[in-house]
>>> print(open('model_15.pdb').read())   # PDB, C-alpha atoms
ATOM      1  CA  MET B   1      11.738  -4.015  13.614  1.00  0.00           C
ATOM      2  CA  THR B   2      15.218  -4.992  12.622  1.00  0.00           C
ATOM      3  CA  ASP B   3      18.543  -3.163  12.704  1.00  0.00           C
ATOM      4  CA  ASP B   4      18.183  -2.224   9.042  1.00  0.00           C
ATOM      5  CA  THR B   5      15.190  -0.034   9.844  1.00  0.00           C
ATOM      6  CA  ARG B   6      15.766   3.647   9.242  1.00  0.00           C
ATOM      7  CA  SER B   7      15.446   5.776  12.349  1.00  0.00           C
ATOM      8  CA  ASN B   8      11.700   6.041  12.944  1.00  0.00           C
ATOM      9  CA  PRO B   9      10.705   7.983   9.816  1.00  0.00           C
ATOM     10  CA  GLN B  10       7.504  10.017  10.049  1.00  0.00           C
ATOM     11  CA  PHE B  11       5.469  10.421   6.875  1.00  0.00           C
ATOM     12  CA  GLU B  12       2.476  12.527   5.979  1.00  0.00           C
ATOM     13  CA  ILE B  13      -0.118  10.095   4.664  1.00  0.00           C
ATOM     14  CA  MET B  14      -1.629  11.206   1.376  1.00  0.00           C
ATOM     15  CA  VAL B  15      -4.422   8.641   0.830  1.00  0.00           C
ATOM     16  CA  THR B  16      -6.467   7.374   3.763  1.00  0.00           C
ATOM     17  CA  GLU B  17      -8.966   4.561   4.103  1.00  0.00           C
ATOM     18  CA  ALA B  18     -11.614   7.145   4.989  1.00  0.00           C
ATOM     19  CA  MET B  19     -11.104   8.860   1.627  1.00  0.00           C
ATOM     20  CA  ILE B  20     -11.841   5.560  -0.102  1.00  0.00           C
ATOM     21  CA  GLU B  21     -14.692   4.522   2.200  1.00  0.00           C
ATOM     22  CA  ASN B  22     -16.476   7.853   1.642  1.00  0.00           C
ATOM     23  CA  LYS B  23     -16.995   7.118  -2.044  1.00  0.00           C
ATOM     24  CA  ASP B  24     -19.738   5.007  -3.614  1.00  0.00           C
ATOM     25  CA  TRP B  25     -17.959   2.303  -5.602  1.00  0.00           C
ATOM     26  CA  ASP B  26     -21.032   0.172  -6.393  1.00  0.00           C
ATOM     27  CA  ARG B  27     -21.405   1.278  -9.984  1.00  0.00           C
ATOM     28  CA  LYS B  28     -17.813   2.065 -10.915  1.00  0.00           C
ATOM     29  CA  ALA B  29     -14.353   0.639 -10.588  1.00  0.00           C
ATOM     30  CA  GLY B  30     -12.517   1.625  -7.430  1.00  0.00           C
ATOM     31  CA  PRO B  31      -8.877   1.814  -6.369  1.00  0.00           C
ATOM     32  CA  PHE B  32      -8.739  -1.854  -5.358  1.00  0.00           C
ATOM     33  CA  TYR B  33      -6.043  -4.172  -6.667  1.00  0.00           C
ATOM     34  CA  ARG B  34      -4.883  -7.774  -6.594  1.00  0.00           C
ATOM     35  CA  VAL B  35      -1.340  -8.989  -5.915  1.00  0.00           C
ATOM     36  CA  ASN B  36      -0.260  -9.032  -9.563  1.00  0.00           C
ATOM     37  CA  ASP B  37      -1.527  -5.485 -10.194  1.00  0.00           C
ATOM     38  CA  VAL B  38       0.108  -4.038  -7.079  1.00  0.00           C
ATOM     39  CA  SER B  39       3.459  -5.693  -7.661  1.00  0.00           C
ATOM     40  CA  LYS B  40       3.624  -4.761 -11.352  1.00  0.00           C
ATOM     41  CA  PHE B  41       2.042  -1.302 -11.573  1.00  0.00           C
ATOM     42  CA  PHE B  42       3.112   0.257  -8.295  1.00  0.00           C
ATOM     43  CA  PHE B  43       6.384  -1.485  -7.418  1.00  0.00           C
ATOM     44  CA  GLY B  44       7.635  -2.631 -10.844  1.00  0.00           C
ATOM     45  CA  MET B  45       8.184  -6.146  -9.528  1.00  0.00           C
ATOM     46  CA  SER B  46       6.702  -9.638  -9.898  1.00  0.00           C
ATOM     47  CA  SER B  47       3.824 -11.027  -7.870  1.00  0.00           C
ATOM     48  CA  SER B  48       6.277 -13.559  -6.387  1.00  0.00           C
ATOM     49  CA  TRP B  49       8.369 -10.668  -5.054  1.00  0.00           C
ATOM     50  CA  LEU B  50       5.337  -9.170  -3.317  1.00  0.00           C
ATOM     51  CA  ARG B  51       4.216 -12.496  -1.865  1.00  0.00           C
ATOM     52  CA  LEU B  52       7.713 -13.052  -0.435  1.00  0.00           C
ATOM     53  CA  LYS B  53       7.726  -9.559   1.104  1.00  0.00           C
ATOM     54  CA  MET B  54       4.396 -10.350   2.764  1.00  0.00           C
ATOM     55  CA  LYS B  55       5.831 -13.402   4.525  1.00  0.00           C
ATOM     56  CA  PRO B  56       7.930 -13.214   7.676  1.00  0.00           C
ATOM     57  CA  ASP B  57      11.607 -13.977   7.256  1.00  0.00           C
ATOM     58  CA  ARG B  58      14.673 -14.163   9.491  1.00  0.00           C
ATOM     59  CA  LEU B  59      15.273 -10.398   9.468  1.00  0.00           C
ATOM     60  CA  HIS B  60      11.610  -9.369   9.344  1.00  0.00           C
ATOM     61  CA  PRO B  61       9.661 -11.662  11.672  1.00  0.00           C
ATOM     62  CA  ASP B  62       6.425  -9.697  11.171  1.00  0.00           C
ATOM     63  CA  THR B  63       6.821  -9.248   7.363  1.00  0.00           C
ATOM     64  CA  TRP B  64       8.258  -6.327   5.436  1.00  0.00           C
ATOM     65  CA  PHE B  65       4.949  -4.464   5.722  1.00  0.00           C
ATOM     66  CA  THR B  66       4.458  -2.905   9.127  1.00  0.00           C
ATOM     67  CA  VAL B  67       2.804   0.252  10.443  1.00  0.00           C
ATOM     68  CA  ASN B  68       3.898   1.570  13.829  1.00  0.00           C
ATOM     69  CA  GLY B  69       5.746  -1.688  14.457  1.00  0.00           C
ATOM     70  CA  LYS B  70       2.704  -3.895  13.779  1.00  0.00           C
ATOM     71  CA  PRO B  71       2.183  -6.064  10.693  1.00  0.00           C
ATOM     72  CA  MET B  72      -0.277  -4.714   8.137  1.00  0.00           C
ATOM     73  CA  ASP B  73      -3.488  -6.697   7.891  1.00  0.00           C
ATOM     74  CA  PHE B  74      -4.458  -7.099   4.239  1.00  0.00           C
ATOM     75  CA  ARG B  75      -8.035  -7.648   3.107  1.00  0.00           C
ATOM     76  CA  ARG B  76      -9.244 -10.724   1.283  1.00  0.00           C
ATOM     77  CA  LEU B  77     -11.773 -10.875  -1.537  1.00  0.00           C
ATOM     78  CA  ASP B  78     -13.916 -13.184   0.589  1.00  0.00           C
ATOM     79  CA  LYS B  79     -13.544 -12.147   4.220  1.00  0.00           C
ATOM     80  CA  ASP B  80     -14.647 -15.586   5.424  1.00  0.00           C
ATOM     81  CA  LYS B  81     -11.980 -17.566   3.543  1.00  0.00           C
ATOM     82  CA  VAL B  82      -8.344 -17.404   4.653  1.00  0.00           C
ATOM     83  CA  ASP B  83      -7.164 -18.622   1.238  1.00  0.00           C
ATOM     84  CA  SER B  84      -9.194 -16.053  -0.707  1.00  0.00           C
ATOM     85  CA  ALA B  85      -7.309 -13.638  -2.971  1.00  0.00           C
ATOM     86  CA  ARG B  86      -5.891 -10.564  -1.298  1.00  0.00           C
ATOM     87  CA  VAL B  87      -7.297  -7.165  -2.227  1.00  0.00           C
ATOM     88  CA  PHE B  88      -5.222  -4.040  -1.671  1.00  0.00           C
ATOM     89  CA  TRP B  89      -6.646  -0.554  -1.377  1.00  0.00           C
ATOM     90  CA  LEU B  90      -4.707   2.412  -2.673  1.00  0.00           C
ATOM     91  CA  SER B  91      -4.231   3.496   0.956  1.00  0.00           C
ATOM     92  CA  ASP B  92      -2.546   0.135   1.659  1.00  0.00           C
ATOM     93  CA  ILE B  93      -0.114   0.622  -1.199  1.00  0.00           C
ATOM     94  CA  GLU B  94       1.072   3.969   0.114  1.00  0.00           C
ATOM     95  CA  LEU B  95       1.728   2.469   3.564  1.00  0.00           C
ATOM     96  CA  MET B  96       3.473  -0.523   1.971  1.00  0.00           C
ATOM     97  CA  ALA B  97       5.830   1.831   0.124  1.00  0.00           C
ATOM     98  CA  TYR B  98       6.675   3.697   3.330  1.00  0.00           C
ATOM     99  CA  SER B  99       7.337   0.394   5.103  1.00  0.00           C
ATOM    100  CA  LEU B 100       9.682  -0.819   2.366  1.00  0.00           C
ATOM    101  CA  TYR B 101      11.518   2.494   2.573  1.00  0.00           C
ATOM    102  CA  ALA B 102      11.756   2.309   6.368  1.00  0.00           C
ATOM    103  CA  PHE B 103      13.291  -1.169   6.125  1.00  0.00           C
ATOM    104  CA  GLY B 104      15.767   0.010   3.467  1.00  0.00           C
ATOM    105  CA  SER B 105      14.288  -2.181   0.727  1.00  0.00           C
ATOM    106  CA  ILE B 106      13.752   0.834  -1.544  1.00  0.00           C
ATOM    107  CA  ASP B 107      15.580   4.145  -1.669  1.00  0.00           C
ATOM    108  CA  GLU B 108      14.138   7.650  -1.504  1.00  0.00           C
ATOM    109  CA  ALA B 109      14.069   8.054  -5.303  1.00  0.00           C
ATOM    110  CA  ARG B 110      12.077   4.846  -5.777  1.00  0.00           C
ATOM    111  CA  LEU B 111       9.738   5.817  -2.925  1.00  0.00           C
ATOM    112  CA  ALA B 112       9.091   9.146  -4.661  1.00  0.00           C
ATOM    113  CA  ARG B 113       8.243   7.380  -7.937  1.00  0.00           C
ATOM    114  CA  ILE B 114       5.836   4.979  -6.199  1.00  0.00           C
ATOM    115  CA  LEU B 115       4.162   7.848  -4.341  1.00  0.00           C
ATOM    116  CA  ALA B 116       3.797   9.745  -7.633  1.00  0.00           C
ATOM    117  CA  ILE B 117       1.847   6.766  -9.016  1.00  0.00           C
ATOM    118  CA  VAL B 118      -0.281   6.623  -5.846  1.00  0.00           C
ATOM    119  CA  ARG B 119      -1.014  10.344  -6.095  1.00  0.00           C
ATOM    120  CA  ALA B 120      -1.861  10.173  -9.812  1.00  0.00           C
ATOM    121  CA  THR B 121      -4.167   7.228  -9.143  1.00  0.00           C
ATOM    122  CA  ALA B 122      -5.862   9.059  -6.264  1.00  0.00           C
ATOM    123  CA  ASP B 123      -6.385  12.060  -8.559  1.00  0.00           C
ATOM    124  CA  LEU B 124      -7.839   9.779 -11.217  1.00  0.00           C
ATOM    125  CA  TYR B 125     -10.378   8.416  -8.715  1.00  0.00           C
ATOM    126  CA  ASP B 126     -11.163  11.918  -7.368  1.00  0.00           C
ATOM    127  CA  LEU B 127     -10.119  10.946  -3.861  1.00  0.00           C
ATOM    128  CA  PHE B 128      -8.937  14.481  -3.094  1.00  0.00           C
ATOM    129  CA  ASP B 129     -12.328  16.054  -3.955  1.00  0.00           C
ATOM    130  CA  ASP B 130     -13.696  15.876  -0.413  1.00  0.00           C
ATOM    131  CA  GLU B 131     -10.481  17.005   1.227  1.00  0.00           C
ATOM    132  CA  PRO B 132      -9.881  20.672   2.069  1.00  0.00           C
ATOM    133  CA  GLY B 133      -7.284  22.387  -0.079  1.00  0.00           C
ATOM    134  CA  ASP B 134      -5.102  20.840  -2.724  1.00  0.00           C
ATOM    135  CA  PRO B 135      -3.649  17.340  -2.590  1.00  0.00           C
ATOM    136  CA  PRO B 136      -0.352  17.127  -0.720  1.00  0.00           C
ATOM    137  CA  GLU B 137       2.805  17.792  -2.696  1.00  0.00           C
TER     138      GLU B 137
END
>>> encode(input="model_15.pdb", output="structure tokens")
Amino acid sequence: MTDDTRSNPQFEIMVTEAMIENKDWDRKAGPFYRVNDVSKFFFGMSSSWLRLKMKPDRLHPDTWFTVNGKPMDFRRLDKDKVDSARVFWLSDIELMAYSLYAFGSIDEARLARILAIVRATADLYDLFDDEPGDPPE
């Protein structure tokens, strides 16, 4: 990570891949999004902005999206084609927001707004149903 990284923030993850994998999405829409949807609805930015954040640059040689110091690996619509459209899960979006915050690209207020959208979306898809207790605050 670069010098602009905030001092090793620790976050409680709200939405996990397991929560999404445990649901049957065959006959209904799931919390899966393309670049344009993610950039616009969750981050309030353009798809070009998101594509640029996904590419390494001088200050972020692994990209802006890292987890535990390693670049996030995003899914593709067709796993066998490297130029296939990217597909983001809701769990990816939460981690992306934390990474942007850790690098100082977004502030705490913006992070809170993005996480509110993630939480509302998770509620909409009943992702907290199988979890003990209430969804995290």
>>> closest_residue(input="model_15.pdb", among="B:Lys81, B:Ala116, B:Phe88, B:Phe65", to="Tyr101 (chain B)", atoms="all atoms listed in the file")
B:Phe65
>>> residues_near_point(input="model_15.pdb", point="(-8.8, -5.4, 0.2)", cutoff="6 Å", atoms="only C-alpha atoms", output="short mmCIF file (atom, residue, chain, number, x, y, z; two decimals) with C-alpha atoms, keeping the file's coordinate frame")
data_model
loop_
_atom_site.label_atom_id
_atom_site.label_comp_id
_atom_site.auth_asym_id
_atom_site.auth_seq_id
_atom_site.Cartn_x
_atom_site.Cartn_y
_atom_site.Cartn_z
CA ARG B 75 -8.04 -7.65 3.11
CA ARG B 76 -9.24 -10.72 1.28
CA VAL B 87 -7.30 -7.16 -2.23
CA PHE B 88 -5.22 -4.04 -1.67
CA TRP B 89 -6.65 -0.55 -1.38
#
>>> residues_around(input="model_15.pdb", residues="Ile13 (chain B)", least_positions_apart="5", cutoff="10 Å", atoms="all atoms listed in the file", output="number ranges by chain")
B: 91, 94-95, 98, 136
>>> residues_near_point(input="model_15.pdb", point="(-7.6, 6.2, 2.2)", cutoff="10 Å", atoms="only C-alpha atoms", output="CSV table (one decimal) with C-alpha atoms, in the frame of the given file")
chain,number,residue,atom,x,y,z
B,13,ILE,CA,-0.1,10.1,4.7
B,14,MET,CA,-1.6,11.2,1.4
B,15,VAL,CA,-4.4,8.6,0.8
B,16,THR,CA,-6.5,7.4,3.8
B,17,GLU,CA,-9.0,4.6,4.1
B,18,ALA,CA,-11.6,7.1,5.0
B,19,MET,CA,-11.1,8.9,1.6
B,20,ILE,CA,-11.8,5.6,-0.1
B,21,GLU,CA,-14.7,4.5,2.2
B,22,ASN,CA,-16.5,7.9,1.6
B,31,PRO,CA,-8.9,1.8,-6.4
B,89,TRP,CA,-6.6,-0.6,-1.4
B,90,LEU,CA,-4.7,2.4,-2.7
B,91,SER,CA,-4.2,3.5,1.0
B,92,ASP,CA,-2.5,0.1,1.7
B,93,ILE,CA,-0.1,0.6,-1.2
B,94,GLU,CA,1.1,4.0,0.1
B,122,ALA,CA,-5.9,9.1,-6.3
B,127,LEU,CA,-10.1,10.9,-3.9
B,128,PHE,CA,-8.9,14.5,-3.1
>>> resolve_selection(input="model_15.pdb", expression="the PyMOL selection byres ((chain B and resi 105-113) around 12)", output="ChimeraX atom specification")
/B:4-6,9,11,41-45,49,53,60,64-65,93-104,114-120,137
>>> axis_aligned_box(input="model_15.pdb", around="region 97-108 of chain B", padding_each_side="4 Å", output="lines of an AutoDock Vina configuration file")
center_x = 10.8
center_y = 2.7
center_z = 2.3
size_x = 17.9
size_y = 17.8
size_z = 16.0
>>> residues_around(input="model_15.pdb", residues="Leu50 (chain B)", least_positions_apart="6", cutoff="10 Å", atoms="all atoms listed in the file", output="MDAnalysis selection string")
chainID B and resid 35:36 38:40 43 64
>>> residues_around(input="model_15.pdb", residues="Thr63 (chain B)", least_positions_apart="5", cutoff="6 Å", atoms="all atoms listed in the file", output="number ranges by chain")
B: 54-56
>>> closest_residue(input="model_15.pdb", among="B:Arg34, B:Asp129, B:Ser47, B:Pro61", to="Leu77 (chain B)", atoms="all atoms listed in the file")
B:Arg34
>>> atom_distance(input="model_15.pdb", atom1="CA of Tyr125 (chain B)", atom2="CA of Asp78 (chain B)")
23.8 Å
>>> closest_residue(input="model_15.pdb", among="B:Arg86, B:Pro71, B:Thr121, B:Tyr33", to="Arg51 (chain B)", atoms="all atoms listed in the file")
B:Arg86
>>> atom_distance(input="model_15.pdb", atom1="CA of Lys79 (chain B)", atom2="CA of Phe32 (chain B)")
14.9 Å
